[in-house]
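Peer 1: The structure file query_36.pdb (PDB, C-alpha atoms) is provided below.
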MODEL        1
ATOM      1  CA  MET A1259      17.838   5.524  -5.180
ATOM      2  CA  ARG A1260      16.105   2.112  -5.252
ATOM      3  CA  HIS A1261      12.327   1.868  -5.587
ATOM      4  CA  SER A1262      12.235   0.169  -2.151
ATOM      5  CA  HIS A1263      13.993   3.224  -0.677
ATOM      6  CA  ILE A1264      11.125   5.474  -1.828
ATOM      7  CA  ASN A1265       8.655   3.152  -0.118
ATOM      8  CA  SER A1266      10.841   3.266   3.000
ATOM      9  CA  LEU A1267      10.815   7.088   2.966
ATOM     10  CA  TRP A1268       7.040   7.089   2.598
ATOM     11  CA  ILE A1269       6.501   4.612   5.437
ATOM     12  CA  LYS A1270       8.946   6.542   7.639
ATOM     13  CA  GLY A1271       6.960   9.733   6.964
ATOM     14  CA  ILE A1272       3.695   8.008   7.900
ATOM     15  CA  LEU A1273       5.228   6.641  11.113
ATOM     16  CA  GLU A1274       6.502  10.105  12.027
ATOM     17  CA  SER A1275       2.991  11.482  11.473
ATOM     18  CA  PHE A1276       1.476   8.738  13.648
ATOM     19  CA  GLU A1277       4.003   9.634  16.335
ATOM     20  CA  GLN A1278       3.108  13.350  16.091
ATOM     21  CA  LEU A1279      -0.512  12.383  16.744
ATOM     22  CA  GLY A1280       0.518  10.429  19.855
ATOM     23  CA  LEU A1281      -0.069   6.878  18.613
ATOM     24  CA  PRO A1282       1.973   4.164  20.426
ATOM     25  CA  MET A1283       4.711   3.113  18.018
ATOM     26  CA  GLU A1284       5.498  -0.143  19.794
ATOM     27  CA  GLN A1285       1.942  -1.398  19.328
ATOM     28  CA  LEU A1286       1.793  -0.194  15.724
ATOM     29  CA  LEU A1287       5.024  -1.916  14.689
ATOM     30  CA  ASP A1288       4.775  -5.115  16.725
ATOM     31  CA  GLY A1289       5.714  -8.028  14.461
ATOM     32  CA  LEU A1290       5.683  -6.034  11.202
ATOM     33  CA  TYR A1291       9.468  -6.070  10.848
ATOM     34  CA  PRO A1292      11.881  -8.935  11.537
ATOM     35  CA  GLU A1293      13.461  -6.649  14.154
ATOM     36  CA  SER A1294      10.660  -4.305  15.129
ATOM     37  CA  ARG A1295      12.640  -2.763  17.987
ATOM     38  CA  ARG A1296      15.216  -1.190  15.657
ATOM     39  CA  PRO A1297      15.440   2.628  15.614
ATOM     40  CA  GLN A1298      12.674   4.022  13.437
ATOM     41  CA  GLU A1299      15.075   5.587  10.926
ATOM     42  CA  GLN A1300      16.402   2.123  10.078
ATOM     43  CA  LEU A1301      13.020   0.595   9.314
ATOM     44  CA  GLY A1302      12.682  -0.356   5.666
ATOM     45  CA  ALA A1303       9.889  -0.862   3.171
ATOM     46  CA  LEU A1304       6.750  -2.794   4.097
ATOM     47  CA  GLU A1305       4.940  -5.463   2.117
ATOM     48  CA  LEU A1306       1.351  -4.543   1.200
ATOM     49  CA  GLY A1307      -0.239  -6.758   3.839
ATOM     50  CA  ALA A1308       1.995  -5.362   6.591
ATOM     51  CA  ALA A1309       1.321  -1.754   5.495
ATOM     52  CA  ARG A1310      -2.429  -2.343   5.619
ATOM     53  CA  THR A1311      -2.113  -4.043   9.009
ATOM     54  CA  LEU A1312      -0.275  -0.937  10.232
ATOM     55  CA  TRP A1313      -3.216   1.235   9.179
ATOM     56  CA  HIS A1314      -5.836  -1.099  10.677
ATOM     57  CA  ARG A1315      -3.979  -0.881  13.994
ATOM     58  CA  ALA A1316      -3.647   2.892  13.747
ATOM     59  CA  GLU A1317      -7.384   3.331  13.161
ATOM     60  CA  LYS A1318      -8.191   1.204  16.221
ATOM     61  CA  LEU A1319      -5.710   3.082  18.405
ATOM     62  CA  SER A1320      -6.657   6.602  17.271
ATOM     63  CA  ALA A1321      -9.601   8.615  18.544
ATOM     64  CA  LYS A1322      -9.632  10.719  15.354
ATOM     65  CA  GLN A1323     -12.510   9.947  12.985
ATOM     66  CA  CYS A1324     -10.549  11.583  10.159
ATOM     67  CA  LEU A1325      -7.163  10.066  10.917
ATOM     68  CA  GLY A1326      -6.426   9.667   7.201
ATOM     69  CA  VAL A1327      -6.910  13.378   6.499
ATOM     70  CA  HIS A1328      -4.607  14.370   9.368
ATOM     71  CA  ILE A1329      -1.895  11.951   8.189
ATOM     72  CA  GLY A1330      -2.236  13.056   4.576
ATOM     73  CA  MET A1331      -1.896  16.713   5.579
ATOM     74  CA  LEU A1332       1.111  16.021   7.825
ATOM     75  CA  GLN A1333       2.963  13.915   5.269
ATOM     76  CA  ASN A1334       6.026  15.647   3.807
ATOM     77  CA  LEU A1335       5.652  15.746   0.017
ATOM     78  CA  ARG A1336       9.403  15.103  -0.291
ATOM     79  CA  ALA A1337       8.726  11.596   1.014
ATOM     80  CA  SER A1338       7.308  10.793  -2.427
ATOM     81  CA  GLY A1339      10.887  10.767  -3.743
ATOM     82  CA  VAL A1340      11.299  11.301  -7.487
ATOM     83  CA  LEU A1341       7.548  11.768  -7.945
ATOM     84  CA  MET A1342       7.603  15.251  -6.415
ATOM     85  CA  PRO A1343      10.111  16.855  -8.859
ATOM     86  CA  ILE A1344       8.333  15.153 -11.775
ATOM     87  CA  CYS A1345       5.045  16.749 -10.712
ATOM     88  CA  LEU A1346       6.623  20.150 -10.021
ATOM     89  CA  HIS A1347       8.109  20.297 -13.529
ATOM     90  CA  SER A1348       5.266  18.663 -15.477
ATOM     91  CA  PRO A1349       3.665  20.774 -18.248
ATOM     92  CA  THR A1350       0.230  20.791 -16.547
ATOM     93  CA  PRO A1351      -1.399  19.487 -13.339
ATOM     94  CA  LEU A1352      -3.202  16.897 -15.481
ATOM     95  CA  LYS A1353       0.089  15.574 -16.826
ATOM     96  CA  ALA A1354       1.424  15.539 -13.258
ATOM     97  CA  PHE A1355      -1.590  13.496 -12.148
ATOM     98  CA  GLU A1356      -1.018  11.045 -14.998
ATOM     99  CA  HIS A1357       2.504  10.569 -13.653
ATOM    100  CA  ILE A1358       1.118  10.042 -10.144
ATOM    101  CA  ALA A1359      -1.132   7.311 -11.537
ATOM    102  CA  LYS A1360       1.753   5.737 -13.456
ATOM    103  CA  PHE A1361       4.491   5.880 -10.815
ATOM    104  CA  GLN A1362       2.512   5.508  -7.584
ATOM    105  CA  GLY A1363       3.654   1.885  -7.374
ATOM    106  CA  LEU A1364       7.129   3.196  -6.521
ATOM    107  CA  ILE A1365       5.639   4.511  -3.265
ATOM    108  CA  SER A1366       3.062   1.850  -2.464
ATOM    109  CA  ASP A1367       1.327  -1.175  -4.003
ATOM    110  CA  ASN A1368      -1.890  -0.355  -2.153
ATOM    111  CA  GLY A1369      -3.812   0.651  -5.281
ATOM    112  CA  VAL A1370      -3.968   2.672  -8.488
ATOM    113  CA  TYR A1371      -5.756   5.726  -9.814
ATOM    114  CA  ARG A1372      -8.054   5.368 -12.811
ATOM    115  CA  ILE A1373      -8.673   8.613 -14.706
ATOM    116  CA  ARG A1374     -12.010   9.265 -16.442
ATOM    117  CA  THR A1375     -12.952  12.447 -18.307
ATOM    118  CA  ASP A1376     -16.413  13.975 -18.752
ATOM    119  CA  ALA A1377     -15.758  16.507 -21.511
ATOM    120  CA  GLN A1378     -19.334  17.776 -21.511
ATOM    121  CA  ALA A1379     -19.287  18.595 -17.794
ATOM    122  CA  GLY A1380     -15.670  19.775 -17.892
ATOM    123  CA  LEU A1381     -14.727  17.361 -15.106
ATOM    124  CA  ILE A1382     -12.051  14.729 -14.528
ATOM    125  CA  TYR A1383     -12.902  11.789 -12.258
ATOM    126  CA  CYS A1384      -9.998   9.998 -10.573
ATOM    127  CA  ASP A1385     -11.110   6.742  -8.954
ATOM    128  CA  TYR A1386      -8.752   5.099  -6.475
ATOM    129  CA  ILE A1387      -8.899   1.309  -6.875
ATOM    130  CA  PRO A1388      -7.327  -0.719  -4.036
ATOM    131  CA  SER A1389      -5.196  -3.724  -4.993
ATOM    132  CA  ALA A1390      -6.635  -7.177  -4.321
ATOM    133  CA  HIS A1391      -4.967  -8.782  -1.317
ATOM    134  CA  SER A1392      -5.775 -11.129   1.545
ATOM    135  CA  THR A1393      -5.448  -8.162   3.943
ATOM    136  CA  SER A1394      -8.288  -5.750   3.218
ATOM    137  CA  SER A1395      -7.613  -2.091   2.454
ATOM    138  CA  ASN A1396      -8.192   0.392   5.263
ATOM    139  CA  ARG A1397     -10.583   3.341   4.811
ATOM    140  CA  GLN A1398      -8.273   5.746   6.678
ATOM    141  CA  GLN A1399      -5.341   4.683   4.530
ATOM    142  CA  LEU A1400      -7.401   5.411   1.391
ATOM    143  CA  LEU A1401      -8.359   8.769   2.868
ATOM    144  CA  SER A1402      -4.708   9.613   3.545
ATOM    145  CA  ILE A1403      -3.758   8.772  -0.058
ATOM    146  CA  LEU A1404      -6.512  10.990  -1.455
ATOM    147  CA  THR A1405      -5.564  13.780   0.955
ATOM    148  CA  GLY A1406      -1.888  13.510   0.011
ATOM    149  CA  THR A1407      -2.824  13.766  -3.671
ATOM    150  CA  ILE A1408      -4.964  16.825  -2.955
ATOM    151  CA  MET A1409      -2.083  18.495  -1.115
ATOM    152  CA  LEU A1410       0.297  17.787  -3.998
ATOM    153  CA  LEU A1411      -2.106  19.055  -6.668
ATOM    154  CA  ARG A1412      -2.757  22.238  -4.713
ATOM    155  CA  ALA A1413       0.990  22.754  -4.280
ATOM    156  CA  ILE A1414       1.760  22.611  -8.015
ATOM    157  CA  SER A1415      -1.393  24.029  -9.625
ATOM    158  CA  PRO A1416      -1.767  27.703 -10.651
ATOM    159  CA  GLU A1417      -5.310  27.539  -9.199
ATOM    160  CA  ASP A1418      -6.932  24.914  -6.948
ATOM    161  CA  PRO A1419      -8.370  22.327  -9.387
ATOM    162  CA  LEU A1420     -10.340  20.329  -6.780
ATOM    163  CA  VAL A1421     -14.120  20.279  -7.194
ATOM    164  CA  ALA A1422     -15.088  17.513  -4.758
ATOM    165  CA  ILE A1423     -13.968  14.293  -3.125
ATOM    166  CA  LYS A1424     -15.980  11.084  -2.783
ATOM    167  CA  VAL A1425     -15.253   8.893   0.250
ATOM    168  CA  GLN A1426     -16.917   6.032   2.105
ATOM    169  CA  LYS A1427     -20.241   7.177   3.525
ATOM    170  CA  ASP A1428     -19.495   5.838   7.027
ATOM    171  CA  LEU A1429     -16.685   8.387   7.446
ATOM    172  CA  ALA A1430     -17.190  11.801   9.075
ATOM    173  CA  LEU A1431     -18.080  13.648   5.855
ATOM    174  CA  GLU A1432     -18.674  17.070   7.413
ATOM    175  CA  GLU A1433     -15.389  17.018   9.316
ATOM    176  CA  ILE A1434     -13.522  15.924   6.179
ATOM    177  CA  ALA A1435     -15.110  18.802   4.248
ATOM    178  CA  GLU A1436     -14.048  21.282   6.933
ATOM    179  CA  LEU A1437     -10.475  19.990   7.107
ATOM    180  CA  LEU A1438      -9.960  19.862   3.348
ATOM    181  CA  LYS A1439     -12.036  22.965   2.507
ATOM    182  CA  LEU A1440     -13.733  20.904  -0.142
ATOM    183  CA  SER A1441     -17.130  19.482  -1.058
ATOM    184  CA  VAL A1442     -17.399  15.877   0.173
ATOM    185  CA  GLN A1443     -19.781  13.307  -1.287
ATOM    186  CA  PRO A1444     -20.474   9.659  -0.398
ATOM    187  CA  ALA A1445     -18.599   7.320  -2.729
ATOM    188  CA  GLY A1446     -20.020   4.533  -4.853
ATOM    189  CA  GLU A1447     -17.777   1.551  -5.467
ATOM    190  CA  TYR A1448     -14.536   3.556  -5.254
ATOM    191  CA  SER A1449     -13.245   6.676  -3.528
ATOM    192  CA  CYS A1450     -12.742   9.441  -6.049
ATOM    193  CA  LEU A1451     -11.308  12.902  -6.669
ATOM    194  CA  ILE A1452     -13.326  15.203  -8.933
ATOM    195  CA  LEU A1453     -11.228  17.843 -10.708
ATOM    196  CA  SER A1454     -11.821  20.821 -12.982
ATOM    197  CA  SER A1455     -10.647  19.903 -16.470
ATOM    198  CA  GLU A1456      -9.970  23.538 -17.347
ATOM    199  CA  LYS A1457      -7.788  24.164 -14.277
ATOM    200  CA  MET A1458      -5.995  20.826 -14.618
ATOM    201  CA  ASN A1459      -4.901  21.812 -18.143
ATOM    202  CA  ARG A1460      -3.344  25.147 -17.189
ATOM    203  CA  ALA A1461       0.420  25.456 -17.570
ATOM    204  CA  ILE A1462       2.501  24.992 -14.414
ATOM    205  CA  GLU A1463       4.570  28.122 -13.827
ATOM    206  CA  GLY A1464       8.347  28.046 -13.358
ATOM    207  CA  ARG A1465       8.802  24.490 -14.597
ATOM    208  CA  ASP A1466      12.145  23.259 -15.946
ATOM    209  CA  GLU A1467      11.872  20.933 -18.957
ATOM    210  CA  HIS A1468      15.418  19.622 -18.447
ATOM    211  CA  LEU A1469      14.774  18.604 -14.818
ATOM    212  CA  TYR A1470      11.445  17.129 -15.886
ATOM    213  CA  GLU A1471      13.021  14.853 -18.491
ATOM    214  CA  ILE A1472      15.878  13.783 -16.176
ATOM    215  CA  ASN A1473      13.546  12.798 -13.343
ATOM    216  CA  LEU A1474      11.094  11.149 -15.721
ATOM    217  CA  ALA A1475      13.841   8.936 -17.151
ATOM    218  CA  TYR A1476      15.022   8.137 -13.617
ATOM    219  CA  ALA A1477      11.505   7.077 -12.557
ATOM    220  CA  GLU A1478      11.122   4.903 -15.651
ATOM    221  CA  GLY A1479      14.373   3.152 -14.715
ATOM    222  CA  MET A1480      13.127   2.500 -11.188
ATOM    223  CA  VAL A1481       9.880   1.029 -12.535
ATOM    224  CA  ARG A1482      11.915  -1.379 -14.668
ATOM    225  CA  ALA A1483      14.069  -2.285 -11.654
ATOM    226  CA  LYS A1484      10.955  -2.902  -9.576
ATOM    227  CA  LEU A1485       9.495  -5.213 -12.211
ATOM    228  CA  GLU A1486      12.767  -7.156 -12.273
ATOM    229  CA  SER A1487      12.804  -7.446  -8.481
ATOM    230  CA  GLN A1488       9.183  -8.575  -8.422
ATOM    231  CA  SER A1489      10.099 -11.432 -10.720
ATOM    232  CA  ILE A1490      12.576 -12.670  -8.081
ATOM    233  CA  LYS A1491       9.959 -12.470  -5.348
ATOM    234  CA  GLU A1492       7.447 -14.264  -7.562
ATOM    235  CA  GLN A1493       9.998 -17.019  -8.196
ATOM    236  CA  VAL A1494      10.397 -17.465  -4.451
ATOM    237  CA  LYS A1495       6.624 -17.578  -3.901
ATOM    238  CA  LEU A1496       6.176 -20.109  -6.710
ATOM    239  CA  LEU A1497       8.839 -22.351  -5.200
ATOM    240  CA  ILE A1498       7.214 -22.095  -1.759
ATOM    241  CA  GLU A1499       3.860 -23.012  -3.318
ATOM    242  CA  LYS A1500       5.325 -26.088  -5.043
ATOM    243  CA  GLU A1501       6.478 -27.430  -1.670
ATOM    244  CA  VAL A1502       4.412 -27.855   1.491
ATOM    245  CA  PRO A1503       4.135 -24.109   2.296
ATOM    246  CA  ALA A1504       4.217 -24.240   6.102
ATOM    247  CA  GLU A1505       7.236 -26.564   6.100
ATOM    248  CA  VAL A1506       9.423 -25.164   3.301
ATOM    249  CA  SER A1507      12.632 -23.450   4.433
ATOM    250  CA  LEU A1508      14.806 -20.650   3.133
ATOM    251  CA  GLU A1509      17.585 -23.166   2.553
ATOM    252  CA  GLN A1510      15.354 -25.333   0.353
ATOM    253  CA  VAL A1511      14.262 -22.405  -1.824
ATOM    254  CA  ALA A1512      17.814 -21.062  -2.129
ATOM    255  CA  GLU A1513      19.004 -24.512  -3.205
ATOM    256  CA  ARG A1514      16.337 -24.721  -5.927
ATOM    257  CA  LEU A1515      17.293 -21.251  -7.162
ATOM    258  CA  GLY A1516      20.954 -22.273  -7.184
ATOM    259  CA  VAL A1517      22.125 -19.505  -4.836
ATOM    260  CA  ASN A1518      23.550 -19.275  -1.322
ATOM    261  CA  LYS A1519      20.845 -18.573   1.278
ATOM    262  CA  ARG A1520      22.637 -15.387   2.388
ATOM    263  CA  VAL A1521      22.661 -14.122  -1.194
ATOM    264  CA  LEU A1522      18.900 -14.755  -1.427
ATOM    265  CA  GLN A1523      18.292 -13.036   1.922
ATOM    266  CA  ARG A1524      20.304 -10.020   0.793
ATOM    267  CA  SER A1525      18.501  -9.824  -2.570
ATOM    268  CA  LEU A1526      15.080  -9.916  -0.911
ATOM    269  CA  ALA A1527      16.123  -7.349   1.720
ATOM    270  CA  GLU A1528      17.266  -4.961  -1.024
ATOM    271  CA  GLN A1529      13.777  -5.262  -2.484
ATOM    272  CA  GLY A1530      12.094  -4.475   0.829
ATOM    273  CA  SER A1531      11.080  -8.063   1.548
ATOM    274  CA  CYS A1532      12.220 -11.225   3.319
ATOM    275  CA  PHE A1533      11.574 -14.963   3.053
ATOM    276  CA  ARG A1534       9.371 -15.048   6.159
ATOM    277  CA  LYS A1535       7.063 -12.326   4.840
ATOM    278  CA  LEU A1536       6.738 -13.940   1.397
ATOM    279  CA  LYS A1537       5.974 -17.308   2.963
ATOM    280  CA  GLU A1538       3.413 -15.792   5.319
ATOM    281  CA  SER A1539       1.791 -13.855   2.461
ATOM    282  CA  LEU A1540       1.374 -17.047   0.439
ATOM    283  CA  LEU A1541       0.032 -18.993   3.420
ATOM    284  CA  LYS A1542      -2.569 -16.277   4.034
ATOM    285  CA  GLU A1543      -3.651 -16.222   0.384
ATOM    286  CA  LYS A1544      -3.995 -20.016   0.203
ATOM    287  CA  ALA A1545      -5.734 -20.213   3.584
ATOM    288  CA  LEU A1546      -8.386 -17.714   2.503
ATOM    289  CA  ASP A1547      -8.897 -19.441  -0.846
ATOM    290  CA  LEU A1548      -9.354 -22.857   0.793
ATOM    291  CA  LEU A1549     -11.527 -21.438   3.580
ATOM    292  CA  ILE A1550     -13.804 -19.050   1.676
ATOM    293  CA  ASN A1551     -13.812 -20.149  -1.954
ATOM    294  CA  LYS A1552     -13.360 -23.912  -1.634
ATOM    295  CA  ARG A1553     -14.947 -24.101   1.835
ATOM    296  CA  LEU A1554     -12.769 -26.978   3.039
ATOM    297  CA  GLU A1555     -12.864 -28.247   6.587
ATOM    298  CA  ILE A1556     -10.370 -26.589   8.917
ATOM    299  CA  SER A1557      -8.497 -29.868   9.421
ATOM    300  CA  LEU A1558      -8.085 -30.335   5.644
ATOM    301  CA  ILE A1559      -6.838 -26.759   5.183
ATOM    302  CA  SER A1560      -4.305 -27.277   7.946
ATOM    303  CA  GLN A1561      -3.143 -30.499   6.309
ATOM    304  CA  GLU A1562      -2.889 -29.012   2.803
ATOM    305  CA  LEU A1563      -0.865 -26.038   4.031
ATOM    306  CA  GLY A1564       1.515 -28.329   5.895
ATOM    307  CA  TYR A1565       0.810 -27.586   9.557
ATOM    308  CA  SER A1566       1.686 -30.429  11.913
ATOM    309  CA  GLU A1567      -1.418 -29.787  14.039
ATOM    310  CA  VAL A1568      -4.756 -28.064  13.454
ATOM    311  CA  SER A1569      -4.132 -25.929  16.538
ATOM    312  CA  ALA A1570      -0.913 -24.576  14.964
ATOM    313  CA  PHE A1571      -2.845 -23.452  11.878
ATOM    314  CA  GLN A1572      -5.579 -21.895  14.011
ATOM    315  CA  ARG A1573      -3.007 -19.911  16.019
ATOM    316  CA  ALA A1574      -1.344 -18.692  12.830
ATOM    317  CA  PHE A1575      -4.693 -17.699  11.297
ATOM    318  CA  LYS A1576      -5.710 -15.759  14.408
ATOM    319  CA  SER A1577      -2.397 -13.874  14.366
ATOM    320  CA  TRP A1578      -3.070 -12.844  10.733
ATOM    321  CA  PHE A1579      -6.744 -11.911  10.897
ATOM    322  CA  ASP A1580      -7.525 -11.514  14.625
ATOM    323  CA  SER A1581     -10.211 -14.179  14.231
ATOM    324  CA  SER A1582     -10.494 -17.952  14.214
ATOM    325  CA  PRO A1583     -10.915 -19.582  10.764
ATOM    326  CA  ARG A1584     -14.491 -20.616  11.557
ATOM    327  CA  GLN A1585     -15.474 -17.150  12.806
ATOM    328  CA  PHE A1586     -13.862 -15.547   9.754
ATOM    329  CA  ARG A1587     -15.805 -17.806   7.365
ATOM    330  CA  ASP A1588     -19.083 -17.222   9.222
ATOM    331  CA  ARG A1589     -18.665 -13.460   8.806
ATOM    332  CA  ALA A1590     -17.569 -13.628   5.165
ATOM    333  CA  VAL A1591     -20.038 -12.700   2.452
ATOM    334  CA  VAL A1592     -19.731 -15.174  -0.396
TER     335      VAL A1592
ENDMDL
END
Before anything else, please render the file you have as structure tokens.

Peer 2:
Amino acid sequence: MRHSHINSLWIKGILESFEQLGLPMEQLLDGLYPESRRPQEQLGALELGAARTLWHRAEKLSAKQCLGVHIGMLQNLRASGVLMPICLHSPTPLKAFEHIAKFQGLISDNGVYRIRTDAQAGLIYCDYIPSAHSTSSNRQQLLSILTGTIMLLRAISPEDPLVAIKVQKDLALEEIAELLKLSVQPAGEYSCLILSSEKMNRAIEGRDEHLYEINLAYAEGMVRAKLESQSIKEQVKLLIEKEVPAEVSLEQVAERLGVNKRVLQRSLAEQGSCFRKLKESLLKEKALDLLINKRLEISLISQELGYSEVSAFQRAFKSWFDSSPRQFRDRAVV
């Protein structure tokens, strides 16, 4: 199983949950895949920006204030791939959570857990830190990740180790508390799970050490494979950046890498990506840097990125951020 296949399983599970809640799939998926009209079971992994866009659309289209909780509770734990058997056969829930923090990148690049321990209070704090990206993280997506983690911990633990959850204060805190049967507090900088140290260190019953070691080694191998694949994607992005980004073609990049363009397309597809998405991701990153940090004029940004006309850049920007460049900069807090 490739690491991109685990991400595909996870995304497929989320899409199935959206569908169960009656969200319009055509609107959710529009433009996120090269062939967005393919049958859902054939849809592959999503780049981080596309996954976050999916969640932003879902939140707008859903009437549920706690959409993330509902999705997290509906998500099949088997969609986490190798992570589920690792957690089931870990020595303790705490060790399982450490594996979640370590291997979560096999499922999604959206963010990472940071574990802090307060020995005096007997509590473990698990902050969820979203990854930096030109597409902002979505609060419902964060809520679904925390909910999914809660469901997994409750499934493997001898006794419920959850003490409280901290989420963004503009969410429906009382409804979240009722759905999760858990104390809910407004978060500070990061959303957070608060766990009982004593319960997290209890032995998991019925575990199999042999299965644990096999799956652990398998996950380690997939992490190495992912790092290798990321290096290929980074090479492509670097080559795009060296050229005029808006004008550079797949053929040009393939030639500089010394491979046939079909070989490059196939390699990127196996890693859950494609040339168009990588190029668009880089254009978005550079556009935001030039617009917000360097505060260049729109015409100069368009020229530096390689657009033939300012209007072409403005159309592209609006398709990415649902806003004109000038409106986006006016709203940005610098």

Peer 1: Looking at all atoms listed in the file, which of A:Lys1270, A:Arg1372, A:Arg1315, A:His1347 is the one that sits closest to Glu1463 (chain A)?

Peer 2: A:His1347

Peer 1: For the file shown, report as a ChimeraX atom specification the outcome of the PyMOL selection byres ((chain A and resi 1353-1357) around 10) at residue level.

Peer 2: /A:1341-1352,1358-1362,1371-1373,1384,1407,1410-1411,1414-1415,1458-1459,1461-1462,1474,1477

Peer 1: Between A:Val1421, A:Ala1390, A:Ile1559, A:Leu1549, which has the minimum distance to Phe1586 (chain A) (counting only C-alpha atoms)?

Peer 2: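 Ranked by minimum distance to Phe1586 (chain A), first place goes to A:Leu1549.
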
Peer 1: Could you please determine the separation between CA of Leu1437 (chain A) and CA of Ala1321 (chain A) in Å, to one decimal place?

Peer 2: 16.2 Å

Peer 1: Take CA of Asn1473 (chain A) and CA of Ala1527 (chain A) and report the distance between them in Å, one decimal.

Peer 2: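 So the two atoms, CA of Asn1473 (chain A) and CA of Ala1527 (chain A), lie 25.3 Å apart.
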
Peer 1: Tell me which protein, DNA and RNA residues are within 9 Å of Leu1400 (chain A), counting only C-alpha atoms, leaving out same-chain ones fewer than 2 positions away, and put them as a list in words.

Peer 2: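 With the cut-off at 9 Å, the set is Gly1326, Asn1368, Gly1369, Tyr1386, Pro1388, Ser1395, Asn1396, Arg1397, Gln1398, Ser1402, Ile1403, Leu1404, Thr1405, Val1425 and Ser1449 of chain A.
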
Peer 1: I'd like the neighbourhood of Lys1424 (chain A) as an MDAnalysis selection string, where a residue qualifies if any of its atoms comes within 12 Å (using all atoms listed in the file), though same-chain residues fewer than 5 positions away should be ignored.

Peer 2: chainID A and resid 1383:1386 1400:1401 1404:1405 1429:1431 1434:1435 1440:1453

Peer 1: I'd like the interatomic distance between CA of Leu1540 (chain A) and CA of Ala1309 (chain A), to a tenth of an Å.

Peer 2: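 Interatomic distance, CA of Leu1540 (chain A) to CA of Ala1309 (chain A): 16.1 Å.
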
Peer 1: Can you list every residue of region 1440-1493 of chain A that has an atom at most 12 Å from region 1506-1525 of chain A, with its nearest atom pair and the distance in Å to one decimal, using only C-alpha atoms, ordered by chain then number, as a Markdown table?

Peer 2:
| residue | atom | partner | partner_atom | distance |
| --- | --- | --- | --- | --- |
| A:Glu1486 | CA | A:Ser1525 | CA | 11.6 |
| A:Ser1487 | CA | A:Ser1525 | CA | 8.5 |
| A:Gln1488 | CA | A:Ser1525 | CA | 11.1 |
| A:Ser1489 | CA | A:Ser1525 | CA | 11.8 |
| A:Ile1490 | CA | A:Ser1525 | CA | 8.6 |
| A:Lys1491 | CA | A:Ser1525 | CA | 9.4 |
| A:Gln1493 | CA | A:Leu1515 | CA | 8.5 |

Peer 1: Quick one: residues within 12 Å of Leu1541 (chain A), only C-alpha atoms counted, chain neighbours fewer than 5 positions away excluded, as a list in words?

Peer 2: Ser1392, Lys1495, Leu1496, Ile1498, Glu1499, Glu1501, Val1502, Pro1503, Ala1504, Glu1505, Val1506, Arg1534, Lys1535, Leu1536, Leu1546, Asp1547, Leu1548, Leu1549, Ile1559, Ser1560, Glu1562, Leu1563, Gly1564, Tyr1565, Phe1571, Ala1574, Phe1575 and Trp1578 of chain A

Peer 1: Please provide the set of residues having any atom within 9 Å of Leu1279 (chain A), restricted to all atoms listed in the file, with same-chain residues fewer than 2 positions apart removed, written as a PyMOL selection string.

Peer 2: chain A and resi 1274-1277+1281+1320+1328-1329

Peer 1: Could you check which residues have any atom within 10 Å of (-1.6, -3.2, 6.7), counting all atoms listed in the file with coordinates taken straight from the file, and then list them as number ranges by chain?

Peer 2: A: 1290, 1304-1316, 1368, 1393-1396, 1399

Peer 1: Which residue, A:Ala1422, A:Ala1413, A:Met1331, A:Met1480, has the smallest gap to Leu1381 (chain A) when you use only C-alpha atoms?

Peer 2: A:Ala1422

Peer 1: My list of candidates is A:Lys1537, A:Arg1589, A:Ile1272, A:Ser1454. Which is closest to Ala1379 (chain A) when distances are computed with all atoms listed in the file?

Peer 2: A:Ser1454
